[in-house]
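Colleague: Here it is, the structure in full.
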Amino acid sequence: MAKFNFYLREKKKDSETPILLFISFNGQRVKYPTGKTIHPKFWNEETQQARQVKDFPTAKIFNSNLKFIQDTAFKIFEDLTFRLERNPFPTEIKTELDRELKDLHQNTSTDPENKPTFMGLFKRFIHESEQGLRLTASGKRFDKRSIQKYNTVYDKLEQFGKRYHLTFETIDQNFYTKFVNYLNKEKYSLNNVGKYIQVIKTFLTYATENGYNTNMFFQSRQFKAHKVAGFSIYLNENEVNDLYELDLSSTPHLERVRDLFIVGCWTGLRFSDFTNIQPKNIEGDFLKITTYKTGEKVIIPIHRTVKEIMAKYKDRYPNSLPPAIANQKMNAYLKDIAKQVDSLKTGVEVEGIKGGLKVNTIKQKWELVTTHTARRSFATNVYKSGFPAISLMKITGHKTEKAFLLYIKVTPEENAQKLLEHWNKSVLKVS
């Protein structure tokens with residue numbers, strides 16, 4: 001097993017001395033310069049960290065940087081060992097360390113506190129999120145989608161950084177305008193641009209809280225992460241039934257995907273939940289589940305159609321439901337299935353904003369079906385049936401009415417009809 005330790009180059013020196021990382025394994029030793037220097041009087045040889053004393057106020061940040069370097073070295077060693085199926089050579093380790101830590105080392109010779117660069121700290125921000133060193137507001141680890149989103153923004157900033165000098169001081173109105181225009185030229189939707197800006201705001205909050213950033217422009221109104229209600233559809237009950245009655249017996253893999261989607265349509269669960277129903281969640285006529293995204297405990301009556309599907313798969317799978325597949329793959333299969341349903345071959349006008357411009361296109365309804373359509377269909381169909389919204393929210397697991405109403409796809413005409421029916425009922429009661 002490899003050991004990773006920090007040592008001072010000259011521990012008796014009466015001035016700052018470089019810190020070296022020693023990686024020891026199988027009788028070999030790699031000496032790697034961390035790019036960090038410290039006066040020996042501030043160094044704790046036993047803990048291999050800077051002493052957190054009044055005269056060294058940046059000790060916490062300094063130690064955090066060392067921890068990042070050590071974690072990176074450990075990950076590199078493990079990855080190389082797995083990939084090469086042998087212990088890596090010292091030169092191979094050094095090469096990978098140089099590549100991974102280039103942003104962290106950049107400009108340290110001119111920075112008295114050895115602070116990482118903007119991109120170097122962004123890389124550490126991702127690393128800490130991935131390793132569980134940074135947690136969500138509710139104390140949970142960040143999921144894979146969040147990490148993937150952070151990495152996507154990092155890559156885009158790295159490309160943008162070839163034409164714009166990225167530092168904490170240059171994240172100003174000029175940066176915001178040029179970066180948004182850069183994304184608009186690549187035809188990003190308004191919401192996608194907003195997601196990029198929101199990740200940058202989250203990172204800058206992290207940098208500020210850890211003492212690296214003092215430029216607060218990112219908190220101003222000019223640094224806005226725009227968001228509009230995205231266009232989406234729902235399937236009415238007739239369309240859900242048409243999909244369910246489609247004969248897919250000649251393509252069992254599509255039949256399983258369709259049946260799993262129908263379960264979503266009649267439970268209102270998110271993809272991460274309706275693909276992870278366990279036998280313990282099934283209690284008589286009810287599903288009792290703690291949702292993955294929000295941790296909400298929901299109880300959902302099992303619809304007769306879901307019971308039919310469970311009977312169909314009873315002896316094939318432990319939970320009597322089709323097995324889950326990747327969300328992206330399931331979305332692709334759903335379109336193959338939906339385009340076979342005649343009632344879904346209708347034109348739908350899709351509104352959106354791309355490249356900063358409003359764009360209207362006509363698409364077939366089957367093209368817009370995704371796994372999330374199931375949850376929207378459930379919420380809308382049950383709401384339209386007259387079921388109280390506040391009770392429905394207890395089933396869908398929404399905490400606020402605002403979030404819940406985003407799922408309800410009711411047209412102005414349908415709302416007007418609903419009000420007319422309410423008035424007619426009131427008149428009948430009076431008479």
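Ligands are numbered from 1 in the order shown, residues from 1 within each chain, and chains are lettered A, B, ... in the order they appear in the structure tokens.
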Find the residues around Tyr176 of chain A up to 10 Å (only C-alpha atoms counted), leave out those fewer than 6 positions away in its own chain, and share them as a PyMOL selection string.
Modeller: chain A and resi 170+182+197+217-218+222-224
Colleague: Put those residues in a file: N, CA and C atoms, as a PDB file, in the first residue's frame.
Modeller:
ATOM      1  N   THR A 170     -11.360  39.495 -12.336  1.00  0.00           N
ATOM      2  CA  THR A 170     -11.932  39.820 -13.656  1.00  0.00           C
ATOM      3  C   THR A 170     -13.346  39.280 -13.859  1.00  0.00           C
ATOM      4  N   TYR A 182     -20.863  34.469 -25.634  1.00  0.00           N
ATOM      5  CA  TYR A 182     -20.118  33.286 -26.095  1.00  0.00           C
ATOM      6  C   TYR A 182     -21.034  32.061 -26.139  1.00  0.00           C
ATOM      7  N   ILE A 197     -24.350  30.017 -15.480  1.00  0.00           N
ATOM      8  CA  ILE A 197     -24.129  31.158 -14.592  1.00  0.00           C
ATOM      9  C   ILE A 197     -24.370  30.759 -13.139  1.00  0.00           C
ATOM     10  N   PHE A 217     -19.049  41.060  -7.186  1.00  0.00           N
ATOM     11  CA  PHE A 217     -19.922  41.415  -8.298  1.00  0.00           C
ATOM     12  C   PHE A 217     -20.898  40.283  -8.627  1.00  0.00           C
ATOM     13  N   PHE A 218     -20.492  39.046  -8.397  1.00  0.00           N
ATOM     14  CA  PHE A 218     -21.347  37.907  -8.744  1.00  0.00           C
ATOM     15  C   PHE A 218     -22.655  37.905  -7.958  1.00  0.00           C
ATOM     16  N   GLN A 222     -26.890  42.371 -11.812  1.00  0.00           N
ATOM     17  CA  GLN A 222     -26.397  42.263 -13.185  1.00  0.00           C
ATOM     18  C   GLN A 222     -25.865  40.870 -13.501  1.00  0.00           C
ATOM     19  N   PHE A 223     -25.509  40.123 -12.462  1.00  0.00           N
ATOM     20  CA  PHE A 223     -24.962  38.774 -12.650  1.00  0.00           C
ATOM     21  C   PHE A 223     -26.096  37.764 -12.445  1.00  0.00           C
ATOM     22  N   LYS A 224     -27.055  37.801 -13.328  1.00  0.00           N
ATOM     23  CA  LYS A 224     -28.292  37.044 -13.140  1.00  0.00           C
ATOM     24  C   LYS A 224     -28.285  35.722 -13.887  1.00  0.00           C
TER      25      LYS A 224
END
Colleague: Where does DSSP see strand (DSSP E or B) in segment 91-308 of chain A, if you list the residues as a list in words?
Modeller: Ser189, Ile282, Glu283, Phe286, Leu287, Lys288, Ile289, Thr290, Lys297, Val298, Ile299, Ile300 and Pro301 of chain A
Colleague: Those same residues, written as a tab-separated table (two decimals), in the first residue's frame with N, CA and C atoms?
Modeller:
chain	number	residue	atom	x	y	z
A	189	SER	N	-29.74	27.34	-25.04
A	189	SER	CA	-31.03	27.87	-24.64
A	189	SER	C	-30.85	28.80	-23.45
A	282	ILE	N	-43.70	-1.95	-1.43
A	282	ILE	CA	-45.05	-2.36	-1.82
A	282	ILE	C	-45.76	-2.95	-0.61
A	283	GLU	N	-46.78	-2.24	-0.13
A	283	GLU	CA	-47.54	-2.70	1.03
A	283	GLU	C	-49.03	-2.72	0.68
A	286	PHE	N	-50.74	-0.02	-1.59
A	286	PHE	CA	-50.00	1.25	-1.57
A	286	PHE	C	-48.50	1.07	-1.81
A	287	LEU	N	-47.90	2.13	-2.39
A	287	LEU	CA	-46.45	2.24	-2.49
A	287	LEU	C	-46.01	3.24	-1.43
A	288	LYS	N	-45.03	2.87	-0.62
A	288	LYS	CA	-44.51	3.78	0.40
A	288	LYS	C	-43.03	3.99	0.13
A	289	ILE	N	-42.69	5.21	-0.29
A	289	ILE	CA	-41.34	5.49	-0.77
A	289	ILE	C	-40.79	6.80	-0.18
A	290	THR	N	-39.50	6.78	0.13
A	290	THR	CA	-38.80	8.02	0.47
A	290	THR	C	-38.10	8.46	-0.80
A	297	LYS	N	-41.20	11.53	2.27
A	297	LYS	CA	-41.87	10.23	2.37
A	297	LYS	C	-43.26	10.36	1.76
A	298	VAL	N	-43.52	9.56	0.72
A	298	VAL	CA	-44.82	9.64	0.04
A	298	VAL	C	-45.50	8.27	0.06
A	299	ILE	N	-46.82	8.32	0.10
A	299	ILE	CA	-47.64	7.10	0.04
A	299	ILE	C	-48.58	7.26	-1.15
A	300	ILE	N	-48.52	6.29	-2.06
A	300	ILE	CA	-49.26	6.39	-3.32
A	300	ILE	C	-50.11	5.14	-3.51
A	301	PRO	N	-51.42	5.30	-3.75
A	301	PRO	CA	-52.25	4.12	-4.03
A	301	PRO	C	-51.83	3.49	-5.36
Colleague: Enter the distance from atom CA of Leu260 of chain A to atom CA of Thr275 of chain A, in Å, rounded to one decimal.
Modeller: 7.5 Å
Colleague: Using only C-alpha atoms, determine which residues lie at most 10 Å from Gln131 of chain A, disregarding the query and same-chain residues fewer than 5 positions distant; provide the list as number ranges by chain.
Modeller: A: 71, 126, 141-142
Colleague: Tell me, in Å to one decimal, how far atom CA of Ser385 of chain A is from atom CA of Leu344 of chain A.
Modeller: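 We find that atom CA of Ser385 of chain A and atom CA of Leu344 of chain A lie 21.5 Å from each other.
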Colleague: If we count only C-alpha atoms and set the cut-off at 12 Å, which residues sit around segment 149-156 of chain A, ignoring sequence neighbours fewer than 4 positions away in its own chain? Please answer as number ranges by chain.
Modeller: A: 118-130, 142-145, 160-163, 166, 179-180, 182-183, 186, 192-203
Colleague: Quick one: distance from atom CA of Gly264 of chain A to atom CA of Thr370 of chain A in Å, one decimal?
Modeller: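 Taking atom CA of Gly264 of chain A as the start and atom CA of Thr370 of chain A as the end point, the length is 11.0 Å.
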Colleague: With DSSP run on the backbone, what are the helix (DSSP H, G or I) residues within segment 164-409 of chain A? I'd like them as JSON, numbers by chain.
Modeller: {"A": [168, 169, 170, 173, 174, 175, 176, 177, 178, 179, 180, 181, 182, 183, 184, 185, 190, 191, 192, 193, 194, 195, 196, 197, 198, 199, 200, 201, 202, 203, 204, 205, 206, 207, 208, 209, 217, 218, 219, 237, 238, 239, 240, 241, 242, 243, 244, 245, 252, 253, 254, 255, 256, 257, 258, 259, 260, 261, 262, 263, 264, 265, 271, 272, 273, 274, 279, 280, 281, 304, 305, 306, 307, 308, 309, 310, 311, 312, 327, 328, 329, 330, 331, 332, 333, 334, 335, 336, 337, 338, 342, 343, 344, 365, 366, 367, 368, 371, 372, 373, 374, 375, 376, 377, 378, 379, 380, 381, 382, 383, 384, 389, 390, 391, 392, 393, 394, 395, 396, 401, 402, 403, 404, 405]}
Colleague: Would you output that residue set with C-alpha atoms, as a CSV table (one decimal), in the first residue's frame?
Modeller:
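Generated output (selection_24.csv):
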chain,number,residue,atom,x,y,z
A,168,PHE,CA,-11.3,36.3,-9.3
A,169,GLU,CA,-10.8,40.0,-10.0
A,170,THR,CA,-11.9,39.8,-13.7
A,173,GLN,CA,-19.8,42.9,-15.9
A,174,ASN,CA,-17.4,42.6,-18.9
A,175,PHE,CA,-16.9,38.9,-18.1
A,176,TYR,CA,-20.7,38.3,-17.7
A,177,THR,CA,-21.6,40.0,-21.0
A,178,LYS,CA,-18.8,38.3,-23.0
A,179,PHE,CA,-19.4,34.8,-21.5
A,180,VAL,CA,-23.2,35.0,-22.1
A,181,ASN,CA,-22.6,36.1,-25.7
A,182,TYR,CA,-20.1,33.3,-26.1
A,183,LEU,CA,-22.8,30.8,-25.1
A,184,ASN,CA,-25.5,32.5,-27.2
A,185,LYS,CA,-23.3,32.1,-30.3
A,190,LEU,CA,-31.8,30.6,-22.1
A,191,ASN,CA,-32.1,28.0,-19.3
A,192,ASN,CA,-28.8,26.3,-20.2
A,193,VAL,CA,-27.1,29.7,-20.1
A,194,GLY,CA,-28.7,30.3,-16.7
A,195,LYS,CA,-27.4,26.9,-15.4
A,196,TYR,CA,-23.9,27.8,-16.4
A,197,ILE,CA,-24.1,31.2,-14.6
A,198,GLN,CA,-25.7,29.5,-11.5
A,199,VAL,CA,-22.8,27.0,-11.2
A,200,ILE,CA,-20.3,29.9,-11.5
A,201,LYS,CA,-22.2,31.8,-8.7
A,202,THR,CA,-22.1,28.6,-6.6
A,203,PHE,CA,-18.4,28.3,-7.1
A,204,LEU,CA,-17.7,31.9,-6.3
A,205,THR,CA,-19.7,31.6,-3.1
A,206,TYR,CA,-17.5,28.7,-2.2
A,207,ALA,CA,-14.4,30.7,-3.1
A,208,THR,CA,-15.6,33.6,-1.0
A,209,GLU,CA,-16.4,31.5,2.0
A,217,PHE,CA,-19.9,41.4,-8.3
A,218,PHE,CA,-21.3,37.9,-8.7
A,219,GLN,CA,-24.0,38.8,-6.1
A,237,GLU,CA,-55.5,9.7,-20.0
A,238,ASN,CA,-56.6,8.6,-23.5
A,239,GLU,CA,-53.0,9.0,-24.8
A,240,VAL,CA,-51.6,7.1,-21.8
A,241,ASN,CA,-54.1,4.3,-22.5
A,242,ASP,CA,-53.3,4.3,-26.2
A,243,LEU,CA,-49.6,3.9,-25.3
A,244,TYR,CA,-50.4,1.1,-22.8
A,245,GLU,CA,-52.5,-0.8,-25.4
A,252,PRO,CA,-39.8,-7.2,-25.5
A,253,HIS,CA,-37.1,-4.6,-24.6
A,254,LEU,CA,-39.5,-1.8,-25.8
A,255,GLU,CA,-42.4,-3.4,-24.1
A,256,ARG,CA,-40.5,-3.3,-20.7
A,257,VAL,CA,-39.6,0.3,-21.3
A,258,ARG,CA,-43.2,1.2,-22.1
A,259,ASP,CA,-44.6,-0.6,-19.1
A,260,LEU,CA,-42.1,1.1,-16.7
A,261,PHE,CA,-43.1,4.5,-18.2
A,262,ILE,CA,-46.7,3.7,-17.6
A,263,VAL,CA,-45.9,3.0,-13.9
A,264,GLY,CA,-44.5,6.5,-13.8
A,265,CYS,CA,-47.7,7.9,-15.4
A,271,PHE,CA,-37.4,8.6,-12.9
A,272,SER,CA,-35.0,8.0,-10.0
A,273,ASP,CA,-37.8,6.7,-7.9
A,274,PHE,CA,-40.1,4.7,-10.2
A,279,PRO,CA,-40.4,-5.1,-2.8
A,280,LYS,CA,-40.3,-3.5,0.7
A,281,ASN,CA,-42.0,-0.4,-0.8
A,304,ARG,CA,-55.3,-0.7,-11.4
A,305,THR,CA,-53.1,-0.4,-14.5
A,306,VAL,CA,-49.9,-0.6,-12.4
A,307,LYS,CA,-51.4,-3.7,-10.7
A,308,GLU,CA,-51.9,-5.3,-14.2
A,309,ILE,CA,-48.2,-4.6,-15.0
A,310,MET,CA,-47.1,-6.0,-11.7
A,311,ALA,CA,-49.1,-9.2,-12.3
A,312,LYS,CA,-47.5,-9.5,-15.7
A,327,ASN,CA,-32.4,7.6,-18.3
A,328,GLN,CA,-30.8,8.6,-21.7
A,329,LYS,CA,-31.3,5.2,-23.2
A,330,MET,CA,-34.9,5.0,-21.9
A,331,ASN,CA,-35.7,8.4,-23.5
A,332,ALA,CA,-34.4,7.2,-26.8
A,333,TYR,CA,-36.5,4.0,-26.6
A,334,LEU,CA,-39.6,6.1,-25.6
A,335,LYS,CA,-39.5,8.0,-28.8
A,336,ASP,CA,-39.3,4.8,-30.8
A,337,ILE,CA,-42.4,3.6,-29.0
A,338,ALA,CA,-44.4,6.9,-29.0
A,342,ASP,CA,-51.4,7.5,-33.8
A,343,SER,CA,-52.8,9.9,-31.2
A,344,LEU,CA,-49.3,11.2,-30.6
A,365,LYS,CA,-46.0,15.2,-29.9
A,366,TRP,CA,-44.2,11.8,-29.8
A,367,GLU,CA,-40.8,13.6,-30.3
A,368,LEU,CA,-41.3,15.4,-27.0
A,371,THR,CA,-39.3,9.9,-18.8
A,372,HIS,CA,-40.3,13.1,-17.0
A,373,THR,CA,-43.4,13.3,-19.1
A,374,ALA,CA,-44.8,10.5,-16.9
A,375,ARG,CA,-44.7,12.6,-13.7
A,376,ARG,CA,-46.2,15.7,-15.5
A,377,SER,CA,-49.0,13.5,-16.9
A,378,PHE,CA,-49.9,12.1,-13.5
A,379,ALA,CA,-50.0,15.5,-11.8
A,380,THR,CA,-52.0,17.1,-14.6
A,381,ASN,CA,-54.5,14.3,-15.1
A,382,VAL,CA,-55.2,13.9,-11.4
A,383,TYR,CA,-55.5,17.7,-11.0
A,384,LYS,CA,-58.0,17.9,-13.9
A,389,ALA,CA,-54.2,20.3,-5.2
A,390,ILE,CA,-53.1,20.3,-1.6
A,391,SER,CA,-53.7,16.6,-1.3
A,392,LEU,CA,-52.1,15.8,-4.6
A,393,MET,CA,-49.0,17.6,-3.5
A,394,LYS,CA,-48.7,15.1,-0.6
A,395,ILE,CA,-48.6,12.4,-3.2
A,396,THR,CA,-46.2,14.0,-5.6
A,401,GLU,CA,-47.5,25.2,-4.5
A,402,LYS,CA,-45.2,27.2,-6.9
A,403,ALA,CA,-43.1,24.1,-7.7
A,404,PHE,CA,-46.2,21.9,-8.0
A,405,LEU,CA,-48.0,24.2,-10.4
Colleague: Using only C-alpha atoms for the distances, tell me which of A:Gln278, A:Ser250, A:Thr58, A:Asn5 is nearest to Lys31 of chain A.
Modeller: A:Asn5
Colleague: I want to know what sits within 7 Å of Ile38 of chain A, based on only C-alpha atoms, with residues of the same chain fewer than 6 positions away left out; could you give that as a list of chain:residue names?
Modeller: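 The neighbour list is A:Glu16, A:Thr17, A:Pro18.
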